[in-house]
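What follows is one structure encoded as structure tokens, with my remarks underneath.
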Amino acid sequence: MAIRKIGIMTGGGDCPGLNPVIRAVVKTARGYGWDVLGIEDAFCGLIDLDYRSPYGNRWLDDDTVRNIHTRGGTILGTSNRSNPFAYAVERDGQRVEVDVFDRVLENWERLGLDALVSVGGDGSMAIAQQCIDRGLPNIVGVPKTIDNDLGATDYTFGFDTAVSVATDAIDRLRDTAESHDRVMLVEVMGRDAGWIALQAGLAGGAHAILLPEIPYRLAPVARAIEERRASGQPYSVIVVAEGAKPADGEASYLGEREVGGMRRLFGAAQRVAAGLSELIDLDLRVTVLGHTQRGGSPSNFDRVLGTRFGEAATHLVANGGFGRMVALRGTQIVDVPIREAIGHQKRVDPNGQLVRAARSLGTVFGDEA
Ligand code: F6P
């Protein structure tokens, strides 16, 4: 089948490196003589062709992607509420999730698209696979997750930048912790996987790291802080992943899941601080990095990885590699079936080398005897 027009969309949470992907797709597609339609806010722009937030769908050329590789965010916008198979609408005064995939099929025809590059995380890839199964086969995936928790790829762009932001924060907090003899808690992203917390904690020399994969108790953390104080170091820095959970409870959430959305994590570090304040007699302060980790100029690594993914995904379209997703294995870009990439989370191994290295250097994880 001759390709003439392809679409590209970015879905799920944003992260630094999306714009390099878009730029690479547009520039590589130009080599094939294709037109590239940028679809606004993931599937929102395909569900409703009049959708504007703020720009709506638009054709992308060299001018529209010039120098965007240095910018965080995504020029196409993104959404984690645009699943066409569970789309939130108002019905009889109630918000309910409905299947609007027929609209996607209809609009695909209207736009005359021949293929789609879908950039997104596990949720976006699951939607892409459902589209393929329901009659929209010409989709190629590009993996994206700031948490770096997709099993099919060694790295996703955005993660490196986020770890740099978190490491910088730890360095800064150490200075002020040391000046004031305080315990500083810094909360970083990491819903199900604690890679950001672990990498930044190692890079920054955190004294405790609490991860979703290692349910914690506060007693070992308090003991480590007290031992530091007794040895003449009356300050500590603790990194807490937003999805960290106590051994006897669940992660900290803000209310229930909203219709069409996902449940929001909130307050993990605050909860640890509240618990520790009962056990130790030192000043505690909490810093939540939140979305600062998701913004800003992508690091060199993230720019290059995003560029390589975008270029490879475009060649994959040219070669008819539909239903596949590009991935990084070692130093090589490969491609894997989207179906196999879904649902395989890459989580921190509590017995793995990174955790062992941190423990060897004296960092506690809250699971010590
Ligand atoms: O999945 C990536 C992620 O950054 C999580 O770490 C975090 O819980 C979630 O997205 C936050 O999403 P939102 O942008 O909706 O706050």
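The way I read the labels, and the way they are meant: chains A, B, ... in the order of the structure tokens, residue 1 as the first residue of every chain, and ligand 1 as the first ligand shown, with later ones counted on from there.
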Protein and nucleic acid residues within 6 Å of ligand 1 (only C-alpha atoms and all ligand atoms) as a ChimeraX atom specification: /A:13,145-147,189-191,265
Expected file contents, prior selection, all heavy atoms, as a compact mmCIF listing (two decimals), in the first residue's frame:
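And here's out.txt as it stands now:
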```txt
# COMPACT_ATOMS: atom_id res chain seq x y z
N GLY A 13 0.89 11.05 30.10
CA GLY A 13 1.63 12.17 30.71
C GLY A 13 2.76 12.63 29.80
O GLY A 13 3.38 11.82 29.12
N THR A 145 7.49 6.84 28.74
CA THR A 145 7.07 6.86 30.14
C THR A 145 8.20 7.45 30.96
O THR A 145 9.34 6.99 30.86
CB THR A 145 6.71 5.48 30.73
OG1 THR A 145 7.19 5.43 32.08
CG2 THR A 145 7.38 4.34 30.01
N ILE A 146 7.90 8.47 31.71
CA ILE A 146 8.94 9.09 32.52
C ILE A 146 9.42 8.14 33.61
O ILE A 146 10.55 8.22 34.07
CB ILE A 146 8.43 10.43 33.11
CG1 ILE A 146 9.63 11.30 33.48
CG2 ILE A 146 7.54 10.22 34.33
CD1 ILE A 146 9.44 12.73 33.19
N ASP A 147 8.54 7.21 33.99
CA ASP A 147 8.90 6.26 35.04
C ASP A 147 9.86 5.17 34.55
O ASP A 147 10.38 4.40 35.35
CB ASP A 147 7.64 5.59 35.61
CG ASP A 147 6.75 6.58 36.35
OD1 ASP A 147 7.22 7.69 36.64
OD2 ASP A 147 5.57 6.24 36.62
N MET A 189 8.56 11.28 41.18
CA MET A 189 7.56 10.47 40.49
C MET A 189 7.96 9.01 40.48
O MET A 189 9.12 8.66 40.72
CB MET A 189 7.35 11.01 39.08
CG MET A 189 6.46 12.23 39.09
SD MET A 189 5.89 12.70 37.46
CE MET A 189 4.60 13.86 37.96
N GLY A 190 7.01 8.16 40.18
CA GLY A 190 7.23 6.72 40.20
C GLY A 190 5.99 6.07 40.76
O GLY A 190 5.86 5.90 41.97
N ARG A 191 5.05 5.78 39.85
CA ARG A 191 3.75 5.24 40.26
C ARG A 191 3.86 3.80 40.73
O ARG A 191 3.56 3.48 41.87
CB ARG A 191 2.78 5.37 39.08
CG ARG A 191 1.44 4.72 39.27
CD ARG A 191 0.50 5.10 38.15
NE ARG A 191 0.00 6.45 38.35
CZ ARG A 191 -1.08 6.75 39.06
NH1 ARG A 191 -1.81 5.80 39.61
NH2 ARG A 191 -1.46 7.98 39.22
N LEU A 265 -2.10 9.80 42.71
CA LEU A 265 -1.28 9.60 43.90
C LEU A 265 -1.05 10.94 44.57
O LEU A 265 -0.96 11.97 43.91
CB LEU A 265 0.07 9.00 43.50
CG LEU A 265 0.03 7.56 42.99
CD1 LEU A 265 1.31 7.22 42.24
CD2 LEU A 265 -0.18 6.58 44.15
```
Alpha helix (DSSP H) positions in stretch 127-324 of chain A, given as a ChimeraX atom specification: /A:127-133,159-180,195-204,218-230,268-277,300-318
As a compact mmCIF listing (two decimals) with N, CA, C and O atoms, in the first residue's frame, please: the residues near A:Ile333 (cut-off 12 Å, only C-alpha atoms, same-chain neighbours under 6 positions excluded).
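As a result, around-v6.txt now contains:
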```txt
# COMPACT_ATOMS: atom_id res chain seq x y z
N VAL A 142 5.62 4.27 19.60
CA VAL A 142 6.87 4.78 20.17
C VAL A 142 6.67 4.82 21.69
O VAL A 142 5.74 5.47 22.16
N PRO A 143 7.51 4.11 22.45
CA PRO A 143 7.29 4.04 23.89
C PRO A 143 7.68 5.33 24.61
O PRO A 143 8.68 5.96 24.28
N ALA A 152 9.49 -3.63 27.57
CA ALA A 152 10.00 -3.94 26.23
C ALA A 152 11.22 -3.11 25.84
O ALA A 152 11.91 -3.44 24.88
N THR A 153 11.48 -2.04 26.56
CA THR A 153 12.60 -1.17 26.16
C THR A 153 13.50 -0.90 27.37
O THR A 153 13.02 -0.75 28.49
N ASP A 154 14.80 -0.85 27.12
CA ASP A 154 15.73 -0.61 28.23
C ASP A 154 15.53 0.79 28.80
O ASP A 154 15.60 0.99 30.01
N TYR A 155 15.31 1.76 27.90
CA TYR A 155 15.10 3.14 28.34
C TYR A 155 14.00 3.81 27.54
O TYR A 155 13.79 3.47 26.38
N THR A 156 13.32 4.73 28.19
CA THR A 156 12.42 5.64 27.50
C THR A 156 12.96 7.06 27.72
O THR A 156 13.57 7.33 28.76
N VAL A 304 18.50 12.51 21.98
CA VAL A 304 19.02 11.53 21.01
C VAL A 304 18.08 10.32 20.95
O VAL A 304 17.74 9.84 19.86
N LEU A 305 17.64 9.85 22.11
CA LEU A 305 16.75 8.67 22.11
C LEU A 305 15.42 9.00 21.42
O LEU A 305 14.93 8.21 20.60
N GLY A 306 14.85 10.17 21.72
CA GLY A 306 13.60 10.56 21.07
C GLY A 306 13.78 10.66 19.57
O GLY A 306 12.92 10.21 18.79
N THR A 307 14.89 11.24 19.15
CA THR A 307 15.17 11.38 17.72
C THR A 307 15.31 10.01 17.06
O THR A 307 14.74 9.74 15.99
N ARG A 308 16.04 9.11 17.72
CA ARG A 308 16.24 7.77 17.14
C ARG A 308 14.91 7.00 17.08
O ARG A 308 14.63 6.31 16.10
N PHE A 309 14.09 7.13 18.12
CA PHE A 309 12.78 6.45 18.11
C PHE A 309 11.91 6.99 16.97
O PHE A 309 11.26 6.22 16.26
N GLY A 310 11.89 8.32 16.81
CA GLY A 310 11.03 8.92 15.78
C GLY A 310 11.48 8.51 14.39
O GLY A 310 10.65 8.15 13.53
N GLU A 311 12.78 8.52 14.18
CA GLU A 311 13.32 8.14 12.87
C GLU A 311 13.00 6.68 12.58
O GLU A 311 12.51 6.32 11.51
N ALA A 312 13.26 5.82 13.58
CA ALA A 312 13.06 4.38 13.37
C ALA A 312 11.57 4.07 13.16
O ALA A 312 11.23 3.21 12.34
N ALA A 313 10.70 4.76 13.89
CA ALA A 313 9.25 4.50 13.76
C ALA A 313 8.78 4.86 12.35
O ALA A 313 7.91 4.18 11.78
N HIS A 315 10.59 4.77 9.55
CA HIS A 315 11.03 3.70 8.64
C HIS A 315 10.17 2.45 8.82
O HIS A 315 9.90 1.72 7.87
N LEU A 316 9.74 2.23 10.07
CA LEU A 316 8.88 1.07 10.34
C LEU A 316 7.57 1.20 9.57
O LEU A 316 7.06 0.23 9.00
N MET A 325 6.23 -1.75 17.85
CA MET A 325 6.69 -0.59 18.62
C MET A 325 8.21 -0.57 18.61
O MET A 325 8.84 -1.62 18.77
N VAL A 326 8.79 0.61 18.43
CA VAL A 326 10.26 0.68 18.49
C VAL A 326 10.69 0.58 19.95
O VAL A 326 9.91 0.89 20.86
N ALA A 327 11.91 0.14 20.17
CA ALA A 327 12.41 -0.04 21.54
C ALA A 327 13.92 0.04 21.51
O ALA A 327 14.53 -0.13 20.45
```
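Of the listed residues A:Val348, A:Met184, A:Cys131, A:Leu37, the one whose atoms come nearest to A:Asn148 is A:Val348, with distances taken using only C-alpha atoms.
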For atom CA of A:Arg271 and atom CA of A:Asn80, the interatomic separation in Å (one decimal):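 Spanning atom CA of A:Arg271 to atom CA of A:Asn80 is a straight-line distance of 26.8 Å.
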List every residue of stretch 104-199 of chain A that has an atom at most 12 Å from any atom of stretch 14-31 of chain A, giving for each one its closest atom pair and the distance in Å to one decimal, counting only C-alpha atoms, sorted by chain and then by ascending residue number, as a tab-separated table.
```
residue	atom	partner	partner_atom	distance
A:Ala115	CA	A:Ala29	CA	11.7
A:Leu116	CA	A:Val25	CA	10.9
A:Val117	CA	A:Val25	CA	8.5
A:Ser118	CA	A:Ile22	CA	10.4
A:Val119	CA	A:Leu18	CA	8.0
A:Gly120	CA	A:Asp14	CA	8.8
A:Gly121	CA	A:Asp14	CA	10.0
A:Val140	CA	A:Val25	CA	11.7
A:Gly141	CA	A:Val21	CA	11.5
A:Val142	CA	A:Val21	CA	8.5
A:Pro143	CA	A:Leu18	CA	10.2
A:Lys144	CA	A:Cys15	CA	7.9
A:Thr145	CA	A:Cys15	CA	7.4
A:Ile146	CA	A:Cys15	CA	6.1
A:Asp147	CA	A:Cys15	CA	9.8
A:Asn148	CA	A:Cys15	CA	11.0
A:Thr156	CA	A:Gly17	CA	9.0
A:Phe157	CA	A:Gly17	CA	5.5
A:Gly158	CA	A:Pro16	CA	4.6
A:Phe159	CA	A:Cys15	CA	8.0
A:Asp160	CA	A:Pro16	CA	9.0
A:Thr161	CA	A:Pro16	CA	6.9
A:Ala162	CA	A:Pro16	CA	8.2
A:Val163	CA	A:Pro16	CA	11.5
A:Ser164	CA	A:Pro16	CA	11.7
A:Val165	CA	A:Pro16	CA	11.4
A:Met189	CA	A:Cys15	CA	11.7
```
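The gap separating atom CA of A:Ile39 from atom CA of A:Met9 is 5.1 Å, in Å to one decimal.
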Atom CA of A:Ile127 to atom CA of A:Glu258, distance in Å rounded to a single decimal: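 Atom-to-atom, atom CA of A:Ile127 and atom CA of A:Glu258 are spaced 18.6 Å apart.
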For A:Glu106, the nearest of the candidates A:Pro54, A:Gly135, A:Gly123, A:Gly362, counting only C-alpha atoms: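 Among A:Pro54, A:Gly135, A:Gly123, A:Gly362, it is A:Gly135 that comes nearest to A:Glu106.
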Picked from stretch 124-358 of chain A by DSSP as strand (DSSP E or B), as JSON, numbers by chain: {"A": [139, 140, 141, 142, 143, 150, 182, 183, 184, 185, 186, 187, 188, 208, 209, 210, 211, 214, 216, 236, 237, 238, 239, 240, 241, 246, 253, 254, 264, 265, 283, 284, 285, 286, 287, 288, 324, 325, 326, 327, 328, 329, 332, 333, 334, 335, 336, 337, 345]}
